[in-house]
Every structure is written in C-alpha cells, then in structure tokens.
Amino acid sequence: MLPAIKAKYQDFVIRDWQKRDRTESASVISTVLAEYGLAWEPTGADEDVLEVEKYYLTAGGEFWVIEQQNRIVGTGAYYPIKRGRNAVEIRKMYLLPAVRGMGLGKYLLQQLESAIALQGYQQIWIETASVLAEAVKLYETSGYQPATGVETARCDRVYLKSIL
C-alpha cells in the first residue's frame, strides 16, 4: 500500500510515515539534534520516533516524513495531549541543513496546522529549545505565543496557538 501524500512543495513530497521509514526518520532527527549539541534520547524524549505506532498512529495523531528524490530529509508530527483545551502538540519537526532556507519549514508547519484544524482541535502546543533558533523564529512569526509548563527536559520554551 502506498503512503498517503499530504502535500507537495517544490520538489519535496510530504507523506504519511511508514514502518520502513523508522530508521531513516530517526537518523534525520538525531543528525539535527547533534548539529545543535542536543542529545538523541531513544529511551526518553525521542522514544516516540522509534514507536510511532504507539505514540502517534493509535493515539489519534499523525507522523509525516518529507522526501526529496526518495530520501527522507525531514519529519513533522502531532498527537493529542491532555494539557490545554482540545489540544495537540506538534512534535519532531526537523529538517536536514541542506533543505533549510527554502520556505519548507513554514510550509510544513502550515500543513500540520491545517490537518490539526480539520480534526477539530482548538489548541496547538509546541516545545522547543532556545538553541534551535530557526525553529523559535518560525513559531514566533507564525502566531505562537510563549506559554509556561515545559515538560521535556531538553526543551526550555513552550508555545501555544489557538485555532478555530
């Protein structure tokens, strides 16, 4: 069965994660984390990447991969959370360095927000680390407001955006 294509942007395809993507997705995320001096935590903050079925698919969320020429160059995901009001958390939004600066991150965030809105959620939460300066700028220029209650040890910022 072919994975569902969520969107296309330039020569990128955003599609649903498949089991065969597990290792390559984890590699993309660990590569980006290392670039910023952050640790890959397979039994902690990154366990969800290794158990996408449990954390996303059976929980009512989605996990997407971004491909360029059949190679995974990024990821993005969300799942329902208990905090907030009818809320989800966007997670694992990472792009390899070679594909940054093309508007892909902004486009991916907009596609995630659209999918979340279609599901009827009212709030989107995002946690990140200050060292991920590009991500911080993207969230702040996309209408996310600083909030409190960071839950992930390597993160020091949390943002909230109300939708609908």
# chains A, B, ... in the order shown; residues from 1 in each chain; ligands from 1
$ residues_around --residues "A:Val28" --least-positions-apart "4" --cutoff "8 Å" --atoms "only C-alpha atoms" --output "list in words"
Glu24, Val32, Ile72, Val73, Gly74, Thr75, Tyr94, Leu95 and Leu96 of chain A
$ write_last_selection --atoms "N, CA and C atoms" --output "PDB file, in the first residue's frame"
ATOM      1  N   GLU A  24      15.382   5.677   9.016  1.00  0.00           N
ATOM      2  CA  GLU A  24      15.794   6.901   8.332  1.00  0.00           C
ATOM      3  C   GLU A  24      15.238   8.145   9.026  1.00  0.00           C
ATOM      4  N   VAL A  32      20.051  16.193  13.231  1.00  0.00           N
ATOM      5  CA  VAL A  32      19.741  17.599  13.509  1.00  0.00           C
ATOM      6  C   VAL A  32      20.001  17.916  14.984  1.00  0.00           C
ATOM      7  N   ILE A  72      14.508  10.702   2.770  1.00  0.00           N
ATOM      8  CA  ILE A  72      13.863  11.463   3.841  1.00  0.00           C
ATOM      9  C   ILE A  72      14.800  12.583   4.295  1.00  0.00           C
ATOM     10  N   VAL A  73      14.275  13.812   4.232  1.00  0.00           N
ATOM     11  CA  VAL A  73      15.060  14.989   4.599  1.00  0.00           C
ATOM     12  C   VAL A  73      14.438  15.752   5.763  1.00  0.00           C
ATOM     13  N   GLY A  74      13.294  15.278   6.233  1.00  0.00           N
ATOM     14  CA  GLY A  74      12.646  15.954   7.342  1.00  0.00           C
ATOM     15  C   GLY A  74      11.476  15.157   7.886  1.00  0.00           C
ATOM     16  N   THR A  75      10.988  15.615   9.031  1.00  0.00           N
ATOM     17  CA  THR A  75       9.856  14.972   9.694  1.00  0.00           C
ATOM     18  C   THR A  75       8.971  16.050  10.332  1.00  0.00           C
ATOM     19  N   TYR A  94      11.666  18.505  12.154  1.00  0.00           N
ATOM     20  CA  TYR A  94      13.098  18.647  11.883  1.00  0.00           C
ATOM     21  C   TYR A  94      13.352  18.595  10.389  1.00  0.00           C
ATOM     22  N   LEU A  95      14.288  19.421   9.935  1.00  0.00           N
ATOM     23  CA  LEU A  95      14.735  19.410   8.543  1.00  0.00           C
ATOM     24  C   LEU A  95      16.255  19.346   8.514  1.00  0.00           C
ATOM     25  N   LEU A  96      16.788  18.535   7.608  1.00  0.00           N
ATOM     26  CA  LEU A  96      18.243  18.488   7.441  1.00  0.00           C
ATOM     27  C   LEU A  96      18.745  19.847   6.951  1.00  0.00           C
TER      28      LEU A  96
END
$ residues_around --residues "A:Glu67" --least-positions-apart "3" --cutoff "7 Å" --atoms "only C-alpha atoms" --output "list in words"
Phe12, Val13, Ile14, Asn70, Arg71, Ile72 and Val73 of chain A
$ write_last_selection --atoms "N, CA, C and O atoms" --output "mmCIF file, in the first residue's frame"
data_model
loop_
_atom_site.group_PDB
_atom_site.id
_atom_site.type_symbol
_atom_site.label_atom_id
_atom_site.label_comp_id
_atom_site.auth_asym_id
_atom_site.auth_seq_id
_atom_site.Cartn_x
_atom_site.Cartn_y
_atom_site.Cartn_z
ATOM 1 N N PHE A 12 9.695 18.568 -3.073
ATOM 2 C CA PHE A 12 9.527 17.794 -1.848
ATOM 3 C C PHE A 12 8.139 17.161 -1.821
ATOM 4 O O PHE A 12 7.171 17.755 -2.277
ATOM 5 N N VAL A 13 8.065 15.973 -1.239
ATOM 6 C CA VAL A 13 6.796 15.294 -1.015
ATOM 7 C C VAL A 13 6.649 15.091 0.486
ATOM 8 O O VAL A 13 7.546 14.565 1.152
ATOM 9 N N ILE A 14 5.519 15.533 1.018
ATOM 10 C CA ILE A 14 5.187 15.316 2.426
ATOM 11 C C ILE A 14 4.172 14.190 2.448
ATOM 12 O O ILE A 14 3.120 14.285 1.812
ATOM 13 N N ASN A 70 13.234 10.640 -3.160
ATOM 14 C CA ASN A 70 13.079 9.376 -2.424
ATOM 15 C C ASN A 70 13.987 9.240 -1.213
ATOM 16 O O ASN A 70 14.240 8.137 -0.739
ATOM 17 N N ARG A 71 14.473 10.348 -0.688
ATOM 18 C CA ARG A 71 15.308 10.356 0.517
ATOM 19 C C ARG A 71 14.612 11.207 1.572
ATOM 20 O O ARG A 71 14.171 12.322 1.274
ATOM 21 N N ILE A 72 14.508 10.702 2.770
ATOM 22 C CA ILE A 72 13.863 11.463 3.841
ATOM 23 C C ILE A 72 14.800 12.583 4.295
ATOM 24 O O ILE A 72 15.940 12.330 4.665
ATOM 25 N N VAL A 73 14.275 13.812 4.232
ATOM 26 C CA VAL A 73 15.060 14.989 4.599
ATOM 27 C C VAL A 73 14.438 15.752 5.763
ATOM 28 O O VAL A 73 14.985 16.758 6.208
#
$ closest_residue --among "A:Ser25, A:Ser30, A:Gly84, A:Leu108" --to "A:Ala45" --atoms "only C-alpha atoms"
A:Ser30
$ closest_residue --among "A:Ala133, A:Met93, A:Ala117, A:Ile124" --to "A:Ala147" --atoms "only C-alpha atoms"
A:Ile124
$ closest_residue --among "A:Trp40, A:Ile90, A:Glu51, A:Ile81" --to "A:Ala115" --atoms "only C-alpha atoms"
A:Ile90
$ select_by_dssp --residues "chain A" --states "alpha helix (DSSP H)" --output "number ranges by chain"
A: 22-35, 47-50, 52, 104-118, 133-141
$ residues_around --residues "A:Thr23" --least-positions-apart "2" --cutoff "12 Å" --atoms "only C-alpha atoms" --output "PyMOL selection string"
chain A and resi 17-21+25-30+42+49-52+65+72
